[in-house]
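This report concerns only the one structure given below.
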Amino acid sequence: MIDDRRERPLDSSRIAALDSDALIALYRTMLRIREFEEQVHRSFLVGLVHGTTHLCQGQEAVATGAVAALRNDDYVTCTYRGHGACIARCMPPEAAFAELFGRASGVSRGLGGSMHMTDVSRGLIGSFGIVGAALPCAVGAGLSAQLDGKRQVSLTFFGDGATNIGAFHEAMNLAAIWSLPVVFVCENNLYGEYTPIKATTPFEDLARRAAAYDMPAIIVDGNDVLRVYDAVGDAVVRARNGGGPTFVECKTYRQRGHSRTDPGAYRPKEEVAAWLARDPVSLGRSTVVSRGALNDEEADGLAAEVRREIAAAAEAAAQAPWPDEDTAWQATYSGRIAQ
Amino acid sequence: MTGTAQDVREMTYREAIRLALAEEMRRDPRVVFMGEDVAAPGGIFKITEGLLEEFGPARVRDTPISETAFVGAALGLAVTGYRPVVELMFSDFLGVCFDQIVNAIAKHRFMSGGAMSVPLVVRMIGGGGLRFGAQHSQTGESWLLPFPGLKIVAAGSPASAHGLLKAAIRDDDPVVVIEHKGLLGLKGHVRAGDEGLAELAGPEVLRRGDAVTVVATLAMVPQALEAAERLAAEGISVEVIDLRVLRPLAIDPILASVRRTGRLVLIEEQHRLGGWGAQVAAEVVERAWGDFKMPPRRITLPDYPLPFSPALEDAARPNAQRIGEEIRGMLAAV
């Protein structure tokens with residue numbers, strides 16, 4: 001039942017059909033996520049980002065490849081490590097930064113913050129701060145899509161740690177029995193907060209969980225954007241055609257710590273080095289260059305352009321005003337409640 | 001569909017809930033109803049019989065015993081254009097989907113900066129008196145009180161069961177509707193159709209009186225009315241208010257009543273610590289301290305879980321007799 005694609009050549013027609021523009025778009029998205037997260041980290045260190053943040057450097061290929069397989073009218077839910085999916089879904093970086101800075105011009109007017117980035121106009125219907133909590137919501141969006149009959153798909157991102165919480169199992173079961181168009185994208189970055197997944201889970205391949213729900217599962221190299229795109233693409237096609245849900249396990253790595261200033265010192269040096277050597281953004285650059293979509297000079301130029309764009313967005317967001325208290329009152333209920 | 005005088009019918013609380021669901025599902029094709037055993041079996045309390053036949057399996061759905069999944073799925077439906085109604089077979093099951101309700105559903109609109117509304121209804125059937133023991137007899141009224149973003153209503157009569165549920169389904173915010181299993185056979189007059197639509201506005205004065213103000217919810221409402229009837233025969237005039245809307249709490253009608261009576265009794269089928277009675281008493285005392293002739297009095301469950309034994313369960317739950325005794329005692333103390 002598990003389709004393990006890690007050792008297999010990538011020879012799909014979907015990949016063959018990607019032209020230069022499409023390849024460049026994928027690489028640009030990964031660069032934008034990387035630059036966004038690096039900027040968040042810098043902004044955090046100077047006190048512009050408040051509270052906590054969970055960065056996704058190292059996991060850019062998952063968000064980029066998965067989102068590239070979707071239509072604009074599909075639904076996406078994220079975890080608290082969700083900036084990547086939001087940027088991939090074309091959330092404007094300035095509004096995203098403003099949200100992280102707690103400003104009135106943030107995507108959620110400063111009321112959500114890093115862990116709760118949403119943008120319903122882009123199908124980003126929720127980022128959840130509680131592990132696994134997004135999955136039932138994603139299943140509900142899948143039911144909505146099934147009832148509407150417009151061949152929409154609901155895709156939910158979650159981490160390895162979520163596969164041990166009840167909401168995950170309940171959501172997988174409901175999606176399976178109702179054959180809902182849901183794509184479960186597991187970002188297996190090997191650590192649930194500070195603890196290695198092997199200390200909390202009885203096997204390495206989390207895709208095995210899917211068998212309990214009679215659900216097809218794919219294991220894919222999560223650091224290769226084309227492979228993620230292809231695997232999620234297959235899952236999306238199945239969902240759109242009424243074939244029900246799929247579990248896609250993306251093997252990847254969180255290059256940084258869990259949150260804030262966690263240096264991730266609990267990880268073996270050799271492990272970190274091995275994964276850094278397979279950095280998804282560097283691999284993405286090799287892909288676009290080797291496939292002739294960009295030459296080295298053009299790739300450098302693109303990286304510089306993205307860097308400027310992201311820096312400018314952060315700078316502009318930092319100038320935005322704070323929200324006023326009325327913002328909070330108005331957002332609590334649909335009609336203002338008398339005090 | 002406007003109601004006429006002919007639309008006032010006598011029906012049970014159970015029938016009133018079913019009527020509200022059927023009317024709203026006819027009115028709005030976006031209303032989808034899900035829960036455990038609600039479709040083909042018609043509900044273990046036979047509340048939802050016939051809905052599957054009328055509205056079909058896409059809109060009336062039996063779920064697995066999996067509250068986190070189907071309550072959470074209701075959120076996903078609500079933010080993508082539907083108006084889901086989900087049923088918790090027992091209020092006690094709130095415990096297994098608490099995160100979805102208090103962390104996700106209650107805060108979703110807020111955390112989106114108001115961009116996403118969450119029009120969903122959680123119906124839950126609670127309360128004691130049926131010998132169901134400690135895990136299937138709680139009303140759950142106060143479990144969700146602390147969470148902004150939620151609205152909470154409690155039906156103390158067939159008319160409320162019908163009107164509040166209709167209003168909850170039309171509301172753009174998440175509403176938890178509490179029903180009492182001990183009232184399912186209670187008969188009362190219900191205005192069918194839009195005439196019966198309630199507002200989620202606050203308490204309803206059910207009986208006028210000037211000696212004491214009694215506020216109750218759910219199964220305590222008919223008990224309070226019965227006590228008031230008995231006391232009236234003794235010349236004691238009791239005002240009975242059904243609180244109906246626990247969140248947002250509208251205190252003004254209670255305040256106005258206490259300003260006339262000077263006495264307040266709060267009756268709830270819950271434990272004393274953390275009950276809504278404490279909140280209502282505090283609010284009224286804060287604003288009408290000078291109008292009180294004596295301290296407010298609370299009638300609640302004792303501070304142990306509801307026992308199974310009929311002898312103990314009956315003794316634990318407030319009833320008309322005990323309410324009458326308490327009020328006589330209060331007035332004798334003057």
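The chains in the structure tokens are called A, B, ... from first to last as shown; in each chain the residues are counted from 1, and the ligands are counted from 1 in the order shown.
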May I have the residues of chain B within 8 Å of chain A, counting only C-alpha atoms, written as a JSON list (two decimals) with C-alpha atoms, in the first residue's frame?
```
[["chain", "number", "residue", "atom", "x", "y", "z"],
["B", 58, "ALA", "CA", -25.40, 14.11, 1.97],
["B", 63, "THR", "CA", -20.45, 9.94, 11.98],
["B", 64, "PRO", "CA", -18.03, 7.61, 13.69],
["B", 66, "SER", "CA", -15.16, 10.60, 16.86],
["B", 68, "THR", "CA", -12.79, 15.66, 17.51],
["B", 69, "ALA", "CA", -13.12, 14.74, 13.85],
["B", 70, "PHE", "CA", -16.71, 15.73, 13.22],
["B", 71, "VAL", "CA", -16.74, 18.85, 15.40],
["B", 72, "GLY", "CA", -13.47, 19.93, 13.77],
["B", 73, "ALA", "CA", -14.89, 19.07, 10.36],
["B", 74, "ALA", "CA", -17.77, 21.40, 11.13],
["B", 75, "LEU", "CA", -15.23, 24.23, 11.36],
["B", 76, "GLY", "CA", -13.89, 23.31, 7.93],
["B", 77, "LEU", "CA", -17.44, 23.29, 6.54],
["B", 79, "VAL", "CA", -15.35, 28.50, 6.79],
["B", 80, "THR", "CA", -16.01, 27.18, 3.28],
["B", 81, "GLY", "CA", -19.64, 28.17, 2.91],
["B", 82, "TYR", "CA", -21.77, 25.71, 4.85],
["B", 99, "ASP", "CA", -9.64, 21.63, 21.97],
["B", 100, "GLN", "CA", -11.57, 21.93, 18.72],
["B", 104, "ALA", "CA", -10.10, 26.32, 17.14],
["B", 107, "LYS", "CA", -10.96, 31.71, 18.16],
["B", 108, "HIS", "CA", -10.95, 31.11, 14.42],
["B", 109, "ARG", "CA", -12.76, 34.28, 13.46],
["B", 110, "PHE", "CA", -10.67, 36.33, 15.86],
["B", 111, "MET", "CA", -7.33, 34.92, 14.74],
["B", 112, "SER", "CA", -8.23, 35.65, 11.13],
["B", 113, "GLY", "CA", -8.71, 39.28, 12.03],
["B", 114, "GLY", "CA", -12.44, 38.90, 11.48],
["B", 115, "ALA", "CA", -11.98, 37.73, 7.88],
["B", 116, "MET", "CA", -13.62, 34.34, 8.43],
["B", 117, "SER", "CA", -16.96, 33.82, 10.11],
["B", 148, "PRO", "CA", -15.02, 34.68, 23.89],
["B", 149, "GLY", "CA", -16.10, 33.91, 20.35],
["B", 172, "ASP", "CA", -22.89, 33.83, 11.84],
["B", 173, "ASP", "CA", -20.96, 32.83, 14.97],
["B", 248, "PRO", "CA", -22.97, 36.65, 25.89]]
```
Could you pull out the strand (DSSP E) residues of range 153-250 of chain B from DSSP and send them as an NGL selection string? :B and (153-154 or 175-180 or 187-191 or 204-207 or 212-216 or 238-242 or 245-247)
Could you turn the residues from that selection into a file that holds N, CA and C atoms, as a compact mmCIF listing (two decimals), in the first residue's frame?
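The new file part09.txt reads:
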```txt
# COMPACT_ATOMS: atom_id res chain seq x y z
N VAL B 153 -26.35 28.82 24.46
CA VAL B 153 -27.74 28.95 24.84
C VAL B 153 -28.21 27.65 25.48
N ALA B 154 -29.23 27.75 26.33
CA ALA B 154 -29.76 26.58 27.02
C ALA B 154 -31.28 26.65 26.94
N VAL B 175 -22.39 28.69 17.83
CA VAL B 175 -23.33 28.68 18.95
C VAL B 175 -23.42 27.25 19.51
N VAL B 176 -23.27 27.14 20.80
CA VAL B 176 -23.47 25.86 21.47
C VAL B 176 -24.89 25.87 22.05
N VAL B 177 -25.70 24.92 21.61
CA VAL B 177 -27.09 24.84 22.06
C VAL B 177 -27.20 23.66 23.03
N ILE B 178 -27.56 23.96 24.27
CA ILE B 178 -27.67 22.90 25.27
C ILE B 178 -29.14 22.52 25.42
N GLU B 179 -29.38 21.22 25.29
CA GLU B 179 -30.72 20.69 25.48
C GLU B 179 -30.67 19.74 26.67
N HIS B 180 -31.82 19.52 27.32
CA HIS B 180 -31.84 18.66 28.50
C HIS B 180 -32.63 17.39 28.21
N LYS B 187 -44.23 18.94 27.18
CA LYS B 187 -45.07 19.56 26.16
C LYS B 187 -45.20 21.07 26.38
N GLY B 188 -45.35 21.78 25.29
CA GLY B 188 -45.55 23.22 25.39
C GLY B 188 -46.00 23.77 24.06
N HIS B 189 -46.36 25.03 24.05
CA HIS B 189 -46.81 25.67 22.80
C HIS B 189 -45.61 26.21 22.04
N VAL B 190 -45.59 25.89 20.77
CA VAL B 190 -44.49 26.32 19.91
C VAL B 190 -45.09 27.00 18.68
N ARG B 191 -44.54 28.14 18.34
CA ARG B 191 -44.94 28.80 17.09
C ARG B 191 -44.06 28.27 15.98
N GLU B 204 -35.51 35.44 29.50
CA GLU B 204 -36.93 35.63 29.25
C GLU B 204 -37.67 35.50 30.58
N VAL B 205 -38.48 36.50 30.87
CA VAL B 205 -39.28 36.44 32.10
C VAL B 205 -40.50 35.57 31.81
N LEU B 206 -40.60 34.45 32.53
CA LEU B 206 -41.68 33.50 32.26
C LEU B 206 -42.88 33.72 33.17
N ARG B 207 -42.62 34.32 34.33
CA ARG B 207 -43.71 34.52 35.28
C ARG B 207 -43.37 35.77 36.08
N VAL B 212 -39.55 37.75 44.98
CA VAL B 212 -38.24 37.17 44.78
C VAL B 212 -38.04 36.89 43.28
N THR B 213 -36.79 37.07 42.83
CA THR B 213 -36.44 36.77 41.44
C THR B 213 -35.72 35.43 41.40
N VAL B 214 -36.25 34.51 40.60
CA VAL B 214 -35.61 33.21 40.45
C VAL B 214 -35.08 33.10 39.02
N VAL B 215 -33.80 32.77 38.89
CA VAL B 215 -33.21 32.56 37.56
C VAL B 215 -32.80 31.10 37.46
N ALA B 216 -33.21 30.46 36.37
CA ALA B 216 -32.91 29.03 36.19
C ALA B 216 -32.62 28.76 34.73
N VAL B 238 -43.54 34.96 43.04
CA VAL B 238 -42.18 34.66 42.55
C VAL B 238 -42.06 35.05 41.09
N GLU B 239 -41.00 35.76 40.76
CA GLU B 239 -40.70 36.04 39.35
C GLU B 239 -39.72 34.97 38.85
N VAL B 240 -40.07 34.32 37.74
CA VAL B 240 -39.22 33.25 37.21
C VAL B 240 -38.64 33.68 35.87
N ILE B 241 -37.32 33.62 35.80
CA ILE B 241 -36.61 34.01 34.58
C ILE B 241 -35.82 32.81 34.06
N ASP B 242 -36.01 32.53 32.78
CA ASP B 242 -35.18 31.52 32.11
C ASP B 242 -33.97 32.27 31.53
N VAL B 245 -29.67 32.49 27.50
CA VAL B 245 -28.41 32.78 26.80
C VAL B 245 -27.31 32.96 27.85
N LEU B 246 -26.40 32.03 27.90
CA LEU B 246 -25.35 32.09 28.92
C LEU B 246 -24.16 32.91 28.46
N ARG B 247 -23.97 32.97 27.15
CA ARG B 247 -22.89 33.79 26.60
C ARG B 247 -23.33 34.29 25.25
```
Within 12 Å of Thr139 in chain B using only C-alpha atoms, minus same-chain residues under 4 positions, as a VMD selection string: chain B and resid 88 to 94 123 to 129 134 to 135 143 to 144 153 to 155 176 to 182 217 to 220 268 to 271 275 to 276 301 306 317
How would the residues just chosen look if you wrote them out with N, CA and C atoms as a CSV table (one decimal), in the first residue's frame?
```csv
chain,number,residue,atom,x,y,z
B,88,LEU,N,-23.7,16.5,19.8
B,88,LEU,CA,-23.0,15.7,20.8
B,88,LEU,C,-24.1,15.0,21.6
B,89,MET,N,-24.0,13.7,21.4
B,89,MET,CA,-25.1,12.8,22.0
B,89,MET,C,-25.3,13.1,23.5
B,90,PHE,N,-24.2,13.3,24.2
B,90,PHE,CA,-24.2,13.7,25.6
B,90,PHE,C,-23.3,14.9,25.8
B,91,SER,N,-23.8,15.9,26.5
B,91,SER,CA,-22.9,17.1,26.8
B,91,SER,C,-21.6,16.7,27.4
B,92,ASP,N,-21.6,15.6,28.1
B,92,ASP,CA,-20.3,15.1,28.7
B,92,ASP,C,-19.2,14.9,27.7
B,93,PHE,N,-19.6,14.6,26.4
B,93,PHE,CA,-18.6,14.3,25.4
B,93,PHE,C,-17.9,15.6,24.9
B,94,LEU,N,-18.3,16.7,25.5
B,94,LEU,CA,-17.5,18.0,25.2
B,94,LEU,C,-16.0,17.7,25.5
B,123,ARG,N,-25.1,21.2,18.9
B,123,ARG,CA,-26.2,20.8,19.8
B,123,ARG,C,-25.7,19.8,20.8
B,124,MET,N,-25.9,19.9,22.1
B,124,MET,CA,-25.5,18.9,23.0
B,124,MET,C,-26.6,18.6,24.0
B,125,ILE,N,-26.8,17.3,24.3
B,125,ILE,CA,-27.9,16.9,25.1
B,125,ILE,C,-27.4,16.5,26.5
B,126,GLY,N,-27.8,17.3,27.5
B,126,GLY,CA,-27.2,17.1,28.8
B,126,GLY,C,-28.2,16.9,29.9
B,127,GLY,N,-27.7,16.8,31.1
B,127,GLY,CA,-28.5,16.8,32.3
B,127,GLY,C,-28.8,15.4,32.9
B,128,GLY,N,-29.2,15.5,34.2
B,128,GLY,CA,-29.4,14.3,34.9
B,128,GLY,C,-30.9,13.9,35.1
B,129,GLY,N,-31.1,12.9,36.0
B,129,GLY,CA,-32.4,12.5,36.3
B,129,GLY,C,-32.8,11.2,35.6
B,134,ALA,N,-22.4,9.3,36.4
B,134,ALA,CA,-21.6,10.5,36.5
B,134,ALA,C,-21.1,11.0,35.1
B,135,GLN,N,-20.9,10.1,34.1
B,135,GLN,CA,-20.3,10.5,32.9
B,135,GLN,C,-21.3,10.8,31.8
B,143,TRP,N,-19.0,24.8,31.2
B,143,TRP,CA,-17.7,24.3,30.8
B,143,TRP,C,-17.1,25.3,29.7
B,144,LEU,N,-18.0,25.9,29.0
B,144,LEU,CA,-17.5,26.7,27.9
B,144,LEU,C,-17.7,28.2,28.1
B,153,VAL,N,-26.3,28.8,24.5
B,153,VAL,CA,-27.7,29.0,24.8
B,153,VAL,C,-28.2,27.7,25.5
B,154,ALA,N,-29.2,27.8,26.3
B,154,ALA,CA,-29.8,26.6,27.0
B,154,ALA,C,-31.3,26.6,26.9
B,155,ALA,N,-31.9,25.6,26.4
B,155,ALA,CA,-33.3,25.6,26.2
B,155,ALA,C,-34.1,25.0,27.4
B,176,VAL,N,-23.3,27.1,20.8
B,176,VAL,CA,-23.5,25.9,21.5
B,176,VAL,C,-24.9,25.9,22.0
B,177,VAL,N,-25.7,24.9,21.6
B,177,VAL,CA,-27.1,24.8,22.1
B,177,VAL,C,-27.2,23.7,23.0
B,178,ILE,N,-27.6,24.0,24.3
B,178,ILE,CA,-27.7,22.9,25.3
B,178,ILE,C,-29.1,22.5,25.4
B,179,GLU,N,-29.4,21.2,25.3
B,179,GLU,CA,-30.7,20.7,25.5
B,179,GLU,C,-30.7,19.7,26.7
B,180,HIS,N,-31.8,19.5,27.3
B,180,HIS,CA,-31.8,18.7,28.5
B,180,HIS,C,-32.6,17.4,28.2
B,181,LYS,N,-32.0,16.2,28.4
B,181,LYS,CA,-32.7,15.0,28.0
B,181,LYS,C,-33.9,14.7,28.9
B,182,GLY,N,-33.9,15.3,30.1
B,182,GLY,CA,-35.0,15.1,31.0
B,182,GLY,C,-36.3,15.9,30.5
B,217,THR,N,-32.1,27.5,34.5
B,217,THR,CA,-31.9,27.1,33.1
B,217,THR,C,-32.4,25.6,33.0
B,218,LEU,N,-32.6,25.2,31.7
B,218,LEU,CA,-32.8,23.8,31.4
B,218,LEU,C,-33.9,23.2,32.3
B,219,ALA,N,-33.6,22.1,32.8
B,219,ALA,CA,-34.7,21.3,33.6
B,219,ALA,C,-35.1,22.1,34.9
B,220,MET,N,-34.2,23.0,35.3
B,220,MET,CA,-34.6,23.8,36.5
B,220,MET,C,-35.7,24.8,36.2
B,268,GLU,N,-29.2,26.1,39.4
B,268,GLU,CA,-28.6,25.4,38.3
B,268,GLU,C,-28.3,24.0,38.6
B,269,GLU,N,-28.3,23.1,37.6
B,269,GLU,CA,-28.1,21.7,37.7
B,269,GLU,C,-26.6,21.5,37.5
B,270,GLN,N,-25.8,22.1,38.3
B,270,GLN,CA,-24.3,22.0,38.1
B,270,GLN,C,-23.7,22.2,39.5
B,271,HIS,N,-22.4,22.0,39.6
B,271,HIS,CA,-21.8,22.2,40.9
B,271,HIS,C,-21.6,23.7,41.1
B,275,GLY,N,-20.1,27.7,38.5
B,275,GLY,CA,-21.3,27.7,37.8
B,275,GLY,C,-21.7,29.1,37.3
B,276,TRP,N,-22.6,29.2,36.4
B,276,TRP,CA,-23.1,30.5,35.9
B,276,TRP,C,-23.7,31.3,37.0
B,301,LEU,N,-26.1,21.6,42.5
B,301,LEU,CA,-25.8,20.2,42.9
B,301,LEU,C,-24.8,20.3,44.0
B,306,LEU,N,-22.6,13.4,40.1
B,306,LEU,CA,-24.0,12.9,40.2
B,306,LEU,C,-24.0,11.4,40.3
B,317,ARG,N,-30.3,16.5,42.9
B,317,ARG,CA,-30.8,17.5,41.9
B,317,ARG,C,-31.8,18.4,42.5
```
I need the alpha helix (DSSP H) residues of range 64-292 of chain A per DSSP on the backbone, written as JSON, numbers by chain. {"A": [64, 65, 66, 67, 68, 83, 84, 85, 86, 87, 88, 93, 94, 95, 96, 97, 98, 99, 100, 134, 135, 136, 137, 138, 139, 140, 141, 142, 143, 144, 145, 146, 147, 148, 166, 167, 168, 169, 170, 171, 172, 173, 174, 175, 176, 177, 225, 226, 227, 228, 229, 230, 231, 232, 233, 234, 235, 236, 237, 238, 239, 240, 269, 270, 271, 272, 273, 274, 275, 276, 280, 281, 282, 283, 284, 285, 286, 287, 288, 289, 290]}
Quick check, in Å to one decimal: how far apart do CA of Arg14 in chain B and CA of Ile47 in chain B lie? 5.4 Å
Close residues, Glu49 in chain B itself excluded, 8 Å, only C-alpha atoms, min 6 positions apart in chain, as a list in words: Arg18, Val38, Ala39, Ala40, Pro41, Gly42 and Gly43 of chain B
Closest of B:Glu325, B:Glu23, B:Glu141, B:Glu87 to Ile236 in chain B - atom-to-atom distances counting only C-alpha atoms: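 That would be B:Glu325, the residue with the smallest distance to Ile236 in chain B.
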Of the residues B:Leu331, B:Val122, B:Ile101, B:Ala224, which is the one nearest to Ala211 in chain B, using only C-alpha atoms?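 Nearest to Ala211 in chain B: B:Leu331.
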Please determine, counting only C-alpha atoms, which residue among A:Cys250, A:Ile218, A:Arg291, A:Gln57 has the shortest atom-to-atom distance to Ala16 in chain A. A:Arg291
So how many Å separate CA of Arg27 in chain B and CA of Phe55 in chain B, to one decimal?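 CA of Phe55 in chain B lies 11.6 Å from CA of Arg27 in chain B.
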Compile the contact shell of Val289 in chain A as a list in words: residues with an atom at most 12 Å away, counting only C-alpha atoms, same-chain residues fewer than 5 positions apart removed.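 Result of the neighbour search: Ser20, Leu23, Ile24, Tyr27, Ser282, Leu283, Gly284, Leu294, Asn295, Asp296, Glu297, Glu298, Ala299 and Asp300 of chain A.
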